[in-house]
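Presented below is the structure to which this report refers.
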Amino acid sequence: MHNTLRLFLFILVFLSPFSRASAKSGFEVGKGAFTLDGEPFTVKAAELHYPRIPRPYWKQRIEMCKALGMNTICLYTFWNAHEPAPDVFDFSGQNDIRAFIELCQEEGLKVILRPGPYVCAEWEMGGLPWWLLRKDDIRLREDDPLFLERVGHFQEALAAQLQDLTADKGGPIIMIQVENEYGSYGKNKPYVAAIRDMLRKNFGPDVVLFQCDWSSNFLDNGLDDLVWTLNFGTGADIQAQFQPLVEVRPDSPLMCSEFWSGWFDKWGAEHETRPAADMTAGIAEMLSREISFSLYMTHGGTNWGHWAGANSPGYAPDVTSYDYDAPISESGRPTAKYFALRDTLAGYLPAGEKLPPLPDLIPSGEVRPFAFKEYAPLGQLHYKPKREVFIRPMEYFGQGFGSIIYSTTLPQLPAGTVLTVDEPHDFARVFIDGDEIGRLDRRMAQTTLSVPADVAAGSRLDILVEATGRINFGRAIKDYKGITTGVYATLPGLPSLELTGWDVYLLPDNLEFYETTAFAPLDSAVQRSSDGRLPAGIYRGTFVVEKAADTFLRFDTWGKGLVYVNGHPLGRIWHIGPQQTLYTPACWLNEGDNEILVLDIIGPSEALSEGVAEPILDDLRLSLPDEQAEMPALDSFRRVFEGPTQACSGWQTLEFTSPGRGRYVAIEALEAHDGGNIASIAEIYISTPGGLTVPRENWRASASSSEVGRNRTPEKAFDLQESTSWTSAPDAAYPHTLVIDLGAEYDLNALRLLPRMEPGAPAAIRNLKVSIR
């Protein structure tokens, strides 16, 4: 008894204080620095996303980040992947986020959790589930009762998986983000506060919560009780980026929560790259000042299946590869950027410490060329149609992804009748009695075509619409698929006639639909189209793998569609490029025979493929003349401003001396502040007399010249991304002209202008003219 009492007193006196200290230790926000277990801690985070990496490769990718010199893994959660239908949650297999975080913990790495509900990430609808759109009047990312209710259900389900893994409970999760870059969407502190309150309720009062935004807008939605972090990219003037935050919170730890290592690719545009030297210089500057950072992306991965989103303004669908020009390639291999960054991070290790060695790399290899042997024509894929009087979008029928066919009979129409499809989301083929009369590409804002010949009453109109990916950025994320409004026939001099009485055929993107198709042999008797292509449809084949290795299957002879290998959805293909291969991981291949299915809504020139050891991500093939915007003549434009700009790297407003109404805005750059030949603009806002900004969802642009190789094309001047820019060609002389089509007429009275983010704002325009029409 005496010994028992002595043991009890020993525990009470000596161990209890230690236990209390341990309970209070962990990750905290200190004066000017984060602390971990009471010691200063600079966050060196690698951003990578578990759904974009084959689960068998999670550990290797995490080890690659650790060998790079990172101490933290930063990751989004993807609501639409975890809740494919209301209250149907999936945290298994590829979606087992807990298992991924536990792997990070096993490697001694901390975790930053970014649970949305919106994540952007160039992911389908920014991570929001498509089924939210079944309520027409829902307000996304706002304090709409239904939206917040659904967010609450998901956040509770997520917390049930992860709430015991936060740092205050001894777990690896040191910080949790509230929403995501909300300043680029709007100003709504009550909504952001509602998301904060959900996270506090689900994860407890002691976890560190933060929000991220840009240097220009972080105060718009900043909540006083949250840590504020900033996002900016390679080449940014880091001192200038943090200065506004330092002024309002001089004792706050500084963190760049997204330091963009590269950029994402979109169909029909050049492959994006960013210089390694600019990236490492920015990282070195932040480390020298003990500024925390997360490198977005350290490893991008792949937008498997239909998960690639689309950027806005306009409609710019993202490719399948999320390589991002990141230090770790899409297939998990170190790049030149990786080794340059590893050397940089090694230079900031404590004395005597060394970086761990690289893990074993996954072998890559080739697959011998093979031909597809079977196909099912597109016309045989129809299920029993659904009958509707008026056009309805895809979501109305309970379908989230894939294609849809609308069919009706036509009245008598003369040649030249204009058919208006309002609006096709996202790529449409239009047929009359089985003959194709045209295609409509949402990227080019195409909605009309002419009937080439007289049409007899009772002829059949078929419109095939493929959903390429929902917009993931800006106000346009409420993005319906199929035909969103209606179809109209317009004869010269007569009012438009809305076509009604539709048979609707659903072609969902799921393996069951493809596998239950009746296939026929693909032989020389199959009729080709006038342009030499095989018919649209599903193609099936097999290929042999002698020894499983990562490979990249080529699809440069194919049209537009989706690919499955051994039941795994590899992603989208499109002949226009720049991506011409699909990453095919060894862990999804069999030694011996492997089955491949390809849905091609255009049809291949040859039904062939092969596996190559390296990806083809930079083969751009624009085949149509109208895929390049033409520069309009300025003769009919009216001058509304002429004068100098300030020599600064921040926003400035140019008030029009002669406000007016117009649809087109021309900016003529006359000279640069640095005296060089180049003009550049990072971002533009155009204002109305009421102080409102003109909505940018339908803007299109053209320029007198653009810099190639860096993808500084005209639309980069209004893509809501301050780190990108339109830049004129180096070999073109002043003046340089940028023309913006606003999509509709507005009363215009001012233009807000932001030069490039790099130190010194290179190629900032000194004198300019603004005209409207």
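Chain labels run A, B, ... following the order of the structure tokens; each chain numbers its residues from 1, and ligands are numbered from 1 in the order shown.
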All residues 10 Å or closer to A:His736, only C-alpha atoms, same chain fewer than 5 positions away omitted, as number ranges by chain:
A: 667-671, 677-680, 703-706, 727-729, 765, 768
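For A:Thr420, the list of residues within 10 Å, based on only C-alpha atoms and with local chain neighbours fewer than 3 positions off taken out, reads Thr417, Glu423, Pro424, Gln446, Thr447, Thr448, Leu449, Ser450, Gly486, Val487, Tyr488, Ala489, Thr490, Ser496, Leu497 and Glu498 of chain A.
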Got time to write the residues from that selection, C-alpha atoms, as a CSV table (one decimal), in the first residue's frame?
```csv
chain,number,residue,atom,x,y,z
A,417,THR,CA,-31.6,29.2,-92.4
A,423,GLU,CA,-25.8,27.4,-75.5
A,424,PRO,CA,-23.9,24.2,-76.3
A,446,GLN,CA,-19.8,29.4,-81.3
A,447,THR,CA,-23.6,29.1,-81.1
A,448,THR,CA,-24.8,29.4,-84.7
A,449,LEU,CA,-24.5,27.7,-88.1
A,450,SER,CA,-26.3,27.8,-91.4
A,486,GLY,CA,-32.9,26.1,-76.4
A,487,VAL,CA,-32.5,25.7,-80.2
A,488,TYR,CA,-33.9,28.2,-82.6
A,489,ALA,CA,-34.3,28.4,-86.4
A,490,THR,CA,-34.2,31.9,-88.0
A,496,SER,CA,-36.9,33.0,-84.6
A,497,LEU,CA,-38.8,29.8,-84.2
A,498,GLU,CA,-38.0,27.7,-81.1
```
Using only C-alpha atoms, determine which residues lie at most 12 Å from A:Leu751, disregarding the query and same-chain residues fewer than 3 positions distant; provide the list as a VMD selection string.
chain A and resid 640 to 642 645 651 to 657 659 665 to 667 683 to 689 691 to 694 718 748 754 768 to 772
As a tab-separated table (two decimals) with N, CA and C atoms, in the first residue's frame, please: all residues of stretch 365-531 of chain A that backbone DSSP puts in helix (DSSP H, G or I).
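Result file states.tsv:
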```
chain	number	residue	atom	x	y	z
A	378	LEU	N	-21.48	5.39	-82.89
A	378	LEU	CA	-22.17	6.28	-81.96
A	378	LEU	C	-23.69	6.16	-82.09
A	379	GLY	N	-24.16	5.94	-83.29
A	379	GLY	CA	-25.61	5.84	-83.50
A	379	GLY	C	-26.24	4.63	-82.86
A	380	GLN	N	-25.43	3.66	-82.40
A	380	GLN	CA	-25.98	2.46	-81.76
A	380	GLN	C	-25.88	2.51	-80.24
A	394	MET	N	-28.26	18.63	-69.16
A	394	MET	CA	-27.93	17.27	-68.76
A	394	MET	C	-28.32	16.98	-67.31
A	395	GLU	N	-28.10	17.95	-66.42
A	395	GLU	CA	-28.35	17.74	-64.99
A	395	GLU	C	-29.82	17.45	-64.72
A	396	TYR	N	-30.70	18.00	-65.53
A	396	TYR	CA	-32.14	17.78	-65.36
A	396	TYR	C	-32.48	16.30	-65.43
A	397	PHE	N	-31.71	15.55	-66.19
A	397	PHE	CA	-31.96	14.12	-66.38
A	397	PHE	C	-31.17	13.25	-65.40
A	442	ARG	N	-17.53	25.61	-77.67
A	442	ARG	CA	-17.76	26.66	-76.66
A	442	ARG	C	-16.52	27.50	-76.40
A	443	ARG	N	-15.33	26.95	-76.59
A	443	ARG	CA	-14.11	27.74	-76.41
A	443	ARG	C	-14.13	28.97	-77.29
A	444	MET	N	-14.75	28.83	-78.47
A	444	MET	CA	-14.77	29.91	-79.44
A	444	MET	C	-16.09	30.68	-79.41
A	475	ARG	N	-17.16	33.34	-61.12
A	475	ARG	CA	-18.61	33.27	-60.94
A	475	ARG	C	-19.28	32.25	-61.87
A	476	ALA	N	-18.58	31.83	-62.91
A	476	ALA	CA	-19.18	30.93	-63.89
A	476	ALA	C	-19.16	29.47	-63.45
A	477	ILE	N	-18.82	29.17	-62.19
A	477	ILE	CA	-18.78	27.77	-61.74
A	477	ILE	C	-20.17	27.11	-61.76
A	511	LEU	N	-18.12	3.18	-66.78
A	511	LEU	CA	-17.61	1.96	-67.40
A	511	LEU	C	-18.73	1.00	-67.77
A	512	GLU	N	-19.75	0.92	-66.95
A	512	GLU	CA	-20.87	0.00	-67.23
A	512	GLU	C	-21.51	0.32	-68.58
A	513	PHE	N	-21.70	1.61	-68.85
A	513	PHE	CA	-22.30	2.01	-70.12
A	513	PHE	C	-21.44	1.55	-71.30
A	514	TYR	N	-20.13	1.74	-71.19
A	514	TYR	CA	-19.25	1.37	-72.30
A	514	TYR	C	-19.16	-0.15	-72.46
A	515	GLU	N	-19.09	-0.87	-71.36
A	515	GLU	CA	-18.88	-2.31	-71.45
A	515	GLU	C	-20.11	-3.08	-71.93
```
With only C-alpha atoms as the counted atoms, please give the residues lying no more than 6 Å from stretch 319-332 of chain A, apart from itself and same-chain residues fewer than 5 positions off, as a list in words.
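In the requested format, the answer is Ser261, Gly262, Trp263, Phe264, Asp265, Lys266, Trp267, Thr273, Met297, Thr298, His299, Gly300, Gly301, Thr302, Asn303, Ala308, Lys337, Tyr338, Gly571 and Arg572 of chain A.
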Store the residues of this selection in a file with N, CA, C and O atoms, as an mmCIF file, in the first residue's frame.
```
data_model
loop_
_atom_site.group_PDB
_atom_site.id
_atom_site.type_symbol
_atom_site.label_atom_id
_atom_site.label_comp_id
_atom_site.auth_asym_id
_atom_site.auth_seq_id
_atom_site.Cartn_x
_atom_site.Cartn_y
_atom_site.Cartn_z
ATOM 1 N N SER A 261 4.662 26.986 -58.770
ATOM 2 C CA SER A 261 5.899 26.525 -59.397
ATOM 3 C C SER A 261 5.815 26.552 -60.911
ATOM 4 O O SER A 261 6.826 26.661 -61.601
ATOM 5 N N GLY A 262 4.622 26.408 -61.445
ATOM 6 C CA GLY A 262 4.400 26.394 -62.887
ATOM 7 C C GLY A 262 3.002 26.877 -63.165
ATOM 8 O O GLY A 262 2.518 27.814 -62.541
ATOM 9 N N TRP A 263 2.322 26.210 -64.094
ATOM 10 C CA TRP A 263 0.943 26.583 -64.418
ATOM 11 C C TRP A 263 0.287 25.401 -65.113
ATOM 12 O O TRP A 263 0.949 24.458 -65.527
ATOM 13 N N PHE A 264 -1.032 25.483 -65.227
ATOM 14 C CA PHE A 264 -1.798 24.389 -65.819
ATOM 15 C C PHE A 264 -1.988 24.617 -67.312
ATOM 16 O O PHE A 264 -1.918 25.748 -67.805
ATOM 17 N N ASP A 265 -2.257 23.530 -68.030
ATOM 18 C CA ASP A 265 -2.463 23.580 -69.475
ATOM 19 C C ASP A 265 -3.948 23.520 -69.804
ATOM 20 O O ASP A 265 -4.737 22.890 -69.095
ATOM 21 N N LYS A 266 -4.304 24.145 -70.907
ATOM 22 C CA LYS A 266 -5.681 24.058 -71.404
ATOM 23 C C LYS A 266 -5.640 23.583 -72.849
ATOM 24 O O LYS A 266 -4.647 23.757 -73.567
ATOM 25 N N TRP A 267 -6.732 22.947 -73.278
ATOM 26 C CA TRP A 267 -6.819 22.470 -74.650
ATOM 27 C C TRP A 267 -6.763 23.647 -75.619
ATOM 28 O O TRP A 267 -7.416 24.664 -75.420
ATOM 29 N N THR A 273 5.117 26.584 -69.012
ATOM 30 C CA THR A 273 6.315 26.336 -68.216
ATOM 31 C C THR A 273 6.697 27.621 -67.479
ATOM 32 O O THR A 273 6.283 28.715 -67.874
ATOM 33 N N MET A 297 2.389 23.586 -57.669
ATOM 34 C CA MET A 297 2.396 22.226 -57.144
ATOM 35 C C MET A 297 3.848 21.750 -57.009
ATOM 36 O O MET A 297 4.704 22.143 -57.806
ATOM 37 N N THR A 298 4.076 20.875 -56.031
ATOM 38 C CA THR A 298 5.347 20.156 -55.986
ATOM 39 C C THR A 298 5.261 18.918 -56.867
ATOM 40 O O THR A 298 6.220 18.546 -57.533
ATOM 41 N N HIS A 299 4.093 18.306 -56.853
ATOM 42 C CA HIS A 299 3.782 17.219 -57.786
ATOM 43 C C HIS A 299 2.319 17.367 -58.173
ATOM 44 O O HIS A 299 1.438 17.355 -57.308
ATOM 45 N N GLY A 300 2.067 17.535 -59.476
ATOM 46 C CA GLY A 300 0.698 17.793 -59.913
ATOM 47 C C GLY A 300 -0.128 16.531 -60.065
ATOM 48 O O GLY A 300 -1.229 16.436 -59.539
ATOM 49 N N GLY A 301 0.374 15.555 -60.793
ATOM 50 C CA GLY A 301 -0.383 14.326 -61.009
ATOM 51 C C GLY A 301 -1.283 14.404 -62.225
ATOM 52 O O GLY A 301 -0.972 15.072 -63.212
ATOM 53 N N THR A 302 -2.443 13.747 -62.136
ATOM 54 C CA THR A 302 -3.295 13.534 -63.303
ATOM 55 C C THR A 302 -4.756 13.770 -62.956
ATOM 56 O O THR A 302 -5.228 13.343 -61.901
ATOM 57 N N ASN A 303 -5.481 14.425 -63.863
ATOM 58 C CA ASN A 303 -6.933 14.593 -63.735
ATOM 59 C C ASN A 303 -7.622 13.367 -64.343
ATOM 60 O O ASN A 303 -8.136 13.420 -65.460
ATOM 61 N N ALA A 308 -10.935 16.801 -64.873
ATOM 62 C CA ALA A 308 -10.356 18.073 -65.301
ATOM 63 C C ALA A 308 -11.450 19.120 -65.432
ATOM 64 O O ALA A 308 -12.508 18.865 -65.997
ATOM 65 N N LYS A 337 14.071 20.946 -62.372
ATOM 66 C CA LYS A 337 13.559 21.833 -61.315
ATOM 67 C C LYS A 337 13.720 21.193 -59.940
ATOM 68 O O LYS A 337 14.008 21.873 -58.954
ATOM 69 N N TYR A 338 13.483 19.893 -59.873
ATOM 70 C CA TYR A 338 13.571 19.179 -58.597
ATOM 71 C C TYR A 338 14.980 19.306 -58.022
ATOM 72 O O TYR A 338 15.156 19.674 -56.850
ATOM 73 N N GLY A 571 -8.549 9.451 -68.700
ATOM 74 C CA GLY A 571 -8.799 10.871 -68.901
ATOM 75 C C GLY A 571 -9.245 11.190 -70.304
ATOM 76 O O GLY A 571 -9.567 10.312 -71.107
ATOM 77 N N ARG A 572 -9.255 12.483 -70.611
ATOM 78 C CA ARG A 572 -9.745 12.981 -71.891
ATOM 79 C C ARG A 572 -8.625 13.097 -72.915
ATOM 80 O O ARG A 572 -7.465 13.339 -72.576
#
```
Give me, as a ChimeraX atom specification, the residues of stretch 285-522 of chain A that a backbone DSSP run labels strand (DSSP E or B).
/A:292-296,299,302,308,310-311,316-318,321,328,334,364,367-371,374-377,386-388,402-409,413,418-425,427-432,435-441,448-450,455,460-466,471,482-490,497-498,502-508,520-521
Written selection (C-alpha atoms) as a compact mmCIF listing (two decimals), in the first residue's frame:
```txt
# COMPACT_ATOMS: atom_id res chain seq x y z
CA SER A 292 6.74 29.86 -44.61
CA PHE A 293 5.54 28.59 -47.98
CA SER A 294 3.65 25.86 -49.77
CA LEU A 295 4.90 25.03 -53.26
CA TYR A 296 1.88 24.64 -55.54
CA HIS A 299 3.78 17.22 -57.79
CA THR A 302 -3.29 13.53 -63.30
CA ALA A 308 -10.36 18.07 -65.30
CA ALA A 310 -12.18 24.53 -67.11
CA ASN A 311 -10.94 28.04 -66.55
CA ALA A 316 -10.96 27.23 -71.36
CA PRO A 317 -11.12 23.48 -70.59
CA ASP A 318 -8.11 21.97 -68.85
CA SER A 321 -2.34 16.02 -67.35
CA ILE A 328 8.15 16.17 -59.61
CA PRO A 334 12.52 14.23 -60.51
CA SER A 364 9.05 3.62 -67.31
CA VAL A 367 4.26 -0.60 -75.34
CA ARG A 368 4.51 -1.91 -78.89
CA PRO A 369 2.11 -0.31 -81.43
CA PHE A 370 -1.31 -1.96 -81.48
CA ALA A 371 -4.54 -1.64 -83.44
CA GLU A 374 -13.75 -3.67 -82.45
CA TYR A 375 -16.04 -0.67 -82.37
CA ALA A 376 -19.62 0.38 -81.70
CA PRO A 377 -20.88 3.27 -83.85
CA LYS A 386 -36.58 10.57 -72.72
CA ARG A 387 -39.28 12.77 -74.24
CA GLU A 388 -39.31 16.50 -73.54
CA GLY A 402 -20.51 12.30 -70.50
CA SER A 403 -22.50 13.23 -73.61
CA ILE A 404 -26.10 13.78 -74.57
CA ILE A 405 -28.00 13.67 -77.88
CA TYR A 406 -31.02 15.87 -78.62
CA SER A 407 -33.23 14.82 -81.58
CA THR A 408 -36.32 16.39 -83.13
CA THR A 409 -38.10 16.70 -86.49
CA LEU A 413 -36.43 25.13 -93.99
CA VAL A 418 -29.62 29.97 -89.25
CA LEU A 419 -29.74 27.45 -86.43
CA THR A 420 -28.90 28.89 -83.02
CA VAL A 421 -27.97 26.52 -80.20
CA ASP A 422 -28.23 28.49 -76.96
CA GLU A 423 -25.79 27.39 -75.54
CA PRO A 424 -23.89 24.17 -76.31
CA HIS A 425 -21.83 23.09 -73.29
CA PHE A 427 -18.66 20.72 -77.89
CA ALA A 428 -21.47 19.91 -80.32
CA ARG A 429 -21.85 18.09 -83.62
CA VAL A 430 -25.03 18.95 -85.57
CA PHE A 431 -26.62 16.53 -88.06
CA ILE A 432 -29.62 16.67 -90.41
CA ASP A 435 -25.27 14.26 -92.41
CA GLU A 436 -23.09 16.55 -90.31
CA ILE A 437 -23.73 20.23 -91.10
CA GLY A 438 -21.35 21.76 -88.54
CA ARG A 439 -19.69 21.80 -85.14
CA LEU A 440 -19.93 24.25 -82.28
CA ASP A 441 -17.03 24.79 -79.88
CA THR A 448 -24.84 29.41 -84.73
CA LEU A 449 -24.50 27.68 -88.08
CA SER A 450 -26.31 27.83 -91.42
CA VAL A 455 -34.63 20.85 -95.67
CA ARG A 460 -34.36 14.72 -88.42
CA LEU A 461 -32.14 17.10 -86.46
CA ASP A 462 -29.63 15.46 -84.11
CA ILE A 463 -27.32 17.43 -81.84
CA LEU A 464 -24.60 15.54 -80.00
CA VAL A 465 -23.16 17.54 -77.09
CA GLU A 466 -20.11 16.43 -75.10
CA ILE A 471 -15.71 25.73 -64.97
CA GLY A 482 -25.72 19.78 -72.63
CA ILE A 483 -27.80 22.54 -74.24
CA THR A 484 -28.60 25.04 -71.53
CA THR A 485 -31.46 27.11 -73.03
CA GLY A 486 -32.92 26.13 -76.40
CA VAL A 487 -32.52 25.67 -80.17
CA TYR A 488 -33.93 28.19 -82.65
CA ALA A 489 -34.33 28.41 -86.43
CA THR A 490 -34.23 31.87 -87.99
CA LEU A 497 -38.75 29.77 -84.17
CA GLU A 498 -37.98 27.69 -81.07
CA TRP A 502 -37.19 16.50 -78.28
CA ASP A 503 -36.06 12.91 -77.88
CA VAL A 504 -33.13 12.95 -75.46
CA TYR A 505 -30.53 10.15 -75.36
CA LEU A 506 -28.11 9.97 -72.43
CA LEU A 507 -24.54 8.75 -72.90
CA PRO A 508 -23.14 8.74 -69.34
CA ALA A 520 -18.69 -5.24 -84.07
CA PRO A 521 -15.45 -6.02 -85.93
```
Closest of A:Pro84, A:Gly662, A:Gly675, A:Pro578 to A:Gly398, counting only C-alpha atoms, is A:Pro84
What's the 10 Å shell around A:Asn231, counting only C-alpha atoms, without same-chain residues fewer than 4 positions away, as a short mmCIF file (atom, residue, chain, number, x, y, z; two decimals) with all heavy atoms, in the first residue's frame?
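Contents of selection.cif, freshly written:
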```
data_model
loop_
_atom_site.label_atom_id
_atom_site.label_comp_id
_atom_site.auth_asym_id
_atom_site.auth_seq_id
_atom_site.Cartn_x
_atom_site.Cartn_y
_atom_site.Cartn_z
N GLU A 181 -9.35 31.32 -51.53
CA GLU A 181 -9.24 32.48 -52.43
C GLU A 181 -10.60 33.13 -52.70
O GLU A 181 -10.96 33.39 -53.85
CB GLU A 181 -8.59 32.06 -53.75
CG GLU A 181 -7.13 31.69 -53.62
CD GLU A 181 -6.47 31.40 -54.97
OE1 GLU A 181 -7.18 31.00 -55.91
OE2 GLU A 181 -5.25 31.57 -55.07
N CYS A 212 -6.59 32.03 -47.23
CA CYS A 212 -5.63 32.53 -48.21
C CYS A 212 -6.33 33.40 -49.24
O CYS A 212 -7.50 33.20 -49.55
CB CYS A 212 -4.91 31.36 -48.90
SG CYS A 212 -5.95 30.42 -50.03
N ASP A 213 -5.61 34.38 -49.72
CA ASP A 213 -6.10 35.25 -50.79
C ASP A 213 -4.91 35.93 -51.42
O ASP A 213 -3.76 35.55 -51.17
CB ASP A 213 -7.11 36.27 -50.25
CG ASP A 213 -8.52 36.02 -50.80
OD1 ASP A 213 -8.65 35.82 -52.02
OD2 ASP A 213 -9.48 36.01 -50.01
N TRP A 214 -5.18 36.93 -52.22
CA TRP A 214 -4.11 37.65 -52.90
C TRP A 214 -3.77 38.93 -52.16
O TRP A 214 -4.58 39.47 -51.40
CB TRP A 214 -4.51 37.97 -54.33
CG TRP A 214 -4.83 36.75 -55.15
CD1 TRP A 214 -4.44 35.47 -54.90
CD2 TRP A 214 -5.64 36.71 -56.32
NE1 TRP A 214 -4.94 34.63 -55.87
CE2 TRP A 214 -5.68 35.35 -56.75
CE3 TRP A 214 -6.32 37.66 -57.06
CZ2 TRP A 214 -6.37 34.96 -57.89
CZ3 TRP A 214 -7.01 37.26 -58.19
CH2 TRP A 214 -7.03 35.93 -58.60
N SER A 215 -2.59 39.45 -52.43
CA SER A 215 -2.15 40.68 -51.78
C SER A 215 -3.11 41.83 -52.05
O SER A 215 -3.27 42.72 -51.21
CB SER A 215 -0.75 41.03 -52.29
OG SER A 215 -0.30 42.24 -51.73
N PHE A 218 -6.90 40.54 -49.89
CA PHE A 218 -7.05 39.71 -48.70
C PHE A 218 -7.88 40.39 -47.61
O PHE A 218 -8.47 39.72 -46.76
CB PHE A 218 -5.68 39.30 -48.15
CG PHE A 218 -4.89 40.42 -47.51
CD1 PHE A 218 -4.95 40.65 -46.14
CD2 PHE A 218 -4.09 41.25 -48.27
CE1 PHE A 218 -4.23 41.66 -45.55
CE2 PHE A 218 -3.36 42.28 -47.70
CZ PHE A 218 -3.44 42.49 -46.33
N GLN A 241 4.61 41.84 -52.31
CA GLN A 241 3.44 41.00 -52.04
C GLN A 241 3.05 41.03 -50.57
O GLN A 241 1.88 41.11 -50.22
CB GLN A 241 3.70 39.56 -52.49
CG GLN A 241 3.74 39.37 -53.99
CD GLN A 241 2.41 39.61 -54.65
OE1 GLN A 241 1.38 39.11 -54.22
NE2 GLN A 241 2.41 40.41 -55.70
N PHE A 242 4.03 40.94 -49.68
CA PHE A 242 3.73 40.87 -48.26
C PHE A 242 3.54 42.24 -47.60
O PHE A 242 3.03 42.31 -46.47
CB PHE A 242 4.83 40.10 -47.53
CG PHE A 242 4.70 38.61 -47.65
CD1 PHE A 242 5.66 37.88 -48.33
CD2 PHE A 242 3.63 37.94 -47.10
CE1 PHE A 242 5.55 36.50 -48.44
CE2 PHE A 242 3.50 36.56 -47.21
CZ PHE A 242 4.46 35.84 -47.89
N MET A 255 3.35 33.80 -44.58
CA MET A 255 3.32 32.54 -45.32
C MET A 255 2.74 32.76 -46.70
O MET A 255 1.68 33.40 -46.84
CB MET A 255 2.51 31.48 -44.59
CG MET A 255 2.47 30.14 -45.34
SD MET A 255 1.71 28.82 -44.38
CE MET A 255 1.84 27.45 -45.56
N CYS A 256 3.43 32.25 -47.72
CA CYS A 256 2.86 32.15 -49.06
C CYS A 256 2.22 30.77 -49.16
O CYS A 256 2.91 29.76 -49.26
CB CYS A 256 3.93 32.33 -50.14
SG CYS A 256 3.28 32.12 -51.81
N SER A 257 0.90 30.73 -49.08
CA SER A 257 0.19 29.46 -49.01
C SER A 257 0.08 28.78 -50.37
O SER A 257 -0.26 27.59 -50.43
CB SER A 257 -1.20 29.66 -48.40
OG SER A 257 -1.80 30.85 -48.86
N GLU A 258 0.31 29.51 -51.45
CA GLU A 258 0.46 28.91 -52.77
C GLU A 258 1.54 29.68 -53.51
O GLU A 258 1.30 30.78 -53.98
CB GLU A 258 -0.84 28.94 -53.58
CG GLU A 258 -1.91 27.98 -53.11
CD GLU A 258 -3.11 27.95 -54.06
OE1 GLU A 258 -2.96 28.39 -55.22
OE2 GLU A 258 -4.18 27.48 -53.64
N PHE A 259 2.73 29.10 -53.58
CA PHE A 259 3.79 29.67 -54.42
C PHE A 259 3.81 28.83 -55.68
O PHE A 259 4.22 27.67 -55.66
CB PHE A 259 5.13 29.63 -53.70
CG PHE A 259 6.23 30.33 -54.45
CD1 PHE A 259 6.19 31.69 -54.68
CD2 PHE A 259 7.31 29.61 -54.94
CE1 PHE A 259 7.20 32.34 -55.38
CE2 PHE A 259 8.33 30.25 -55.63
CZ PHE A 259 8.28 31.61 -55.86
N TRP A 260 3.33 29.41 -56.78
CA TRP A 260 3.06 28.62 -57.98
C TRP A 260 4.36 28.29 -58.71
O TRP A 260 5.05 29.16 -59.24
CB TRP A 260 2.10 29.39 -58.90
CG TRP A 260 0.82 29.71 -58.19
CD1 TRP A 260 0.05 28.86 -57.45
CD2 TRP A 260 0.16 30.98 -58.11
NE1 TRP A 260 -1.05 29.51 -56.94
CE2 TRP A 260 -1.01 30.81 -57.32
CE3 TRP A 260 0.43 32.25 -58.63
CZ2 TRP A 260 -1.89 31.84 -57.04
CZ3 TRP A 260 -0.45 33.28 -58.36
CH2 TRP A 260 -1.58 33.08 -57.58
N PHE A 293 6.09 28.68 -46.62
CA PHE A 293 5.54 28.59 -47.98
C PHE A 293 4.99 27.21 -48.23
O PHE A 293 5.35 26.23 -47.55
CB PHE A 293 6.61 28.92 -49.03
CG PHE A 293 7.71 27.90 -49.11
CD1 PHE A 293 7.59 26.77 -49.91
CD2 PHE A 293 8.87 28.06 -48.35
CE1 PHE A 293 8.61 25.82 -49.96
CE2 PHE A 293 9.89 27.11 -48.40
CZ PHE A 293 9.75 25.99 -49.21
N SER A 294 4.09 27.13 -49.20
CA SER A 294 3.65 25.86 -49.77
C SER A 294 3.86 25.95 -51.27
O SER A 294 3.36 26.89 -51.91
CB SER A 294 2.19 25.58 -49.44
OG SER A 294 1.78 24.35 -50.03
N TYR A 296 3.01 25.14 -54.76
CA TYR A 296 1.88 24.64 -55.54
C TYR A 296 2.26 24.67 -57.02
O TYR A 296 2.45 25.76 -57.57
CB TYR A 296 0.66 25.54 -55.31
CG TYR A 296 -0.61 24.97 -55.91
CD1 TYR A 296 -1.58 24.39 -55.10
CD2 TYR A 296 -0.85 25.00 -57.28
CE1 TYR A 296 -2.75 23.87 -55.64
CE2 TYR A 296 -1.99 24.47 -57.82
CZ TYR A 296 -2.94 23.92 -57.00
OH TYR A 296 -4.09 23.39 -57.54
N GLU A 722 -3.42 37.12 -61.11
CA GLU A 722 -2.47 38.23 -61.15
C GLU A 722 -1.06 37.80 -61.54
O GLU A 722 -0.24 38.64 -61.89
CB GLU A 722 -2.46 38.94 -59.79
CG GLU A 722 -3.81 39.58 -59.45
CD GLU A 722 -3.81 40.27 -58.09
OE1 GLU A 722 -2.75 40.27 -57.43
OE2 GLU A 722 -4.87 40.81 -57.70
N SER A 723 -0.76 36.52 -61.47
CA SER A 723 0.59 36.06 -61.80
C SER A 723 0.78 35.78 -63.28
O SER A 723 1.89 35.50 -63.72
CB SER A 723 0.91 34.79 -61.00
OG SER A 723 0.19 33.70 -61.50
#
```
So that I can see what lies close to A:Arg661, please list as a PyMOL selection string the residues with an atom at most 9 Å from it, counting only C-alpha atoms and leaving out residues fewer than 5 positions away in the same chain.
chain A and resi 745-749+772-773
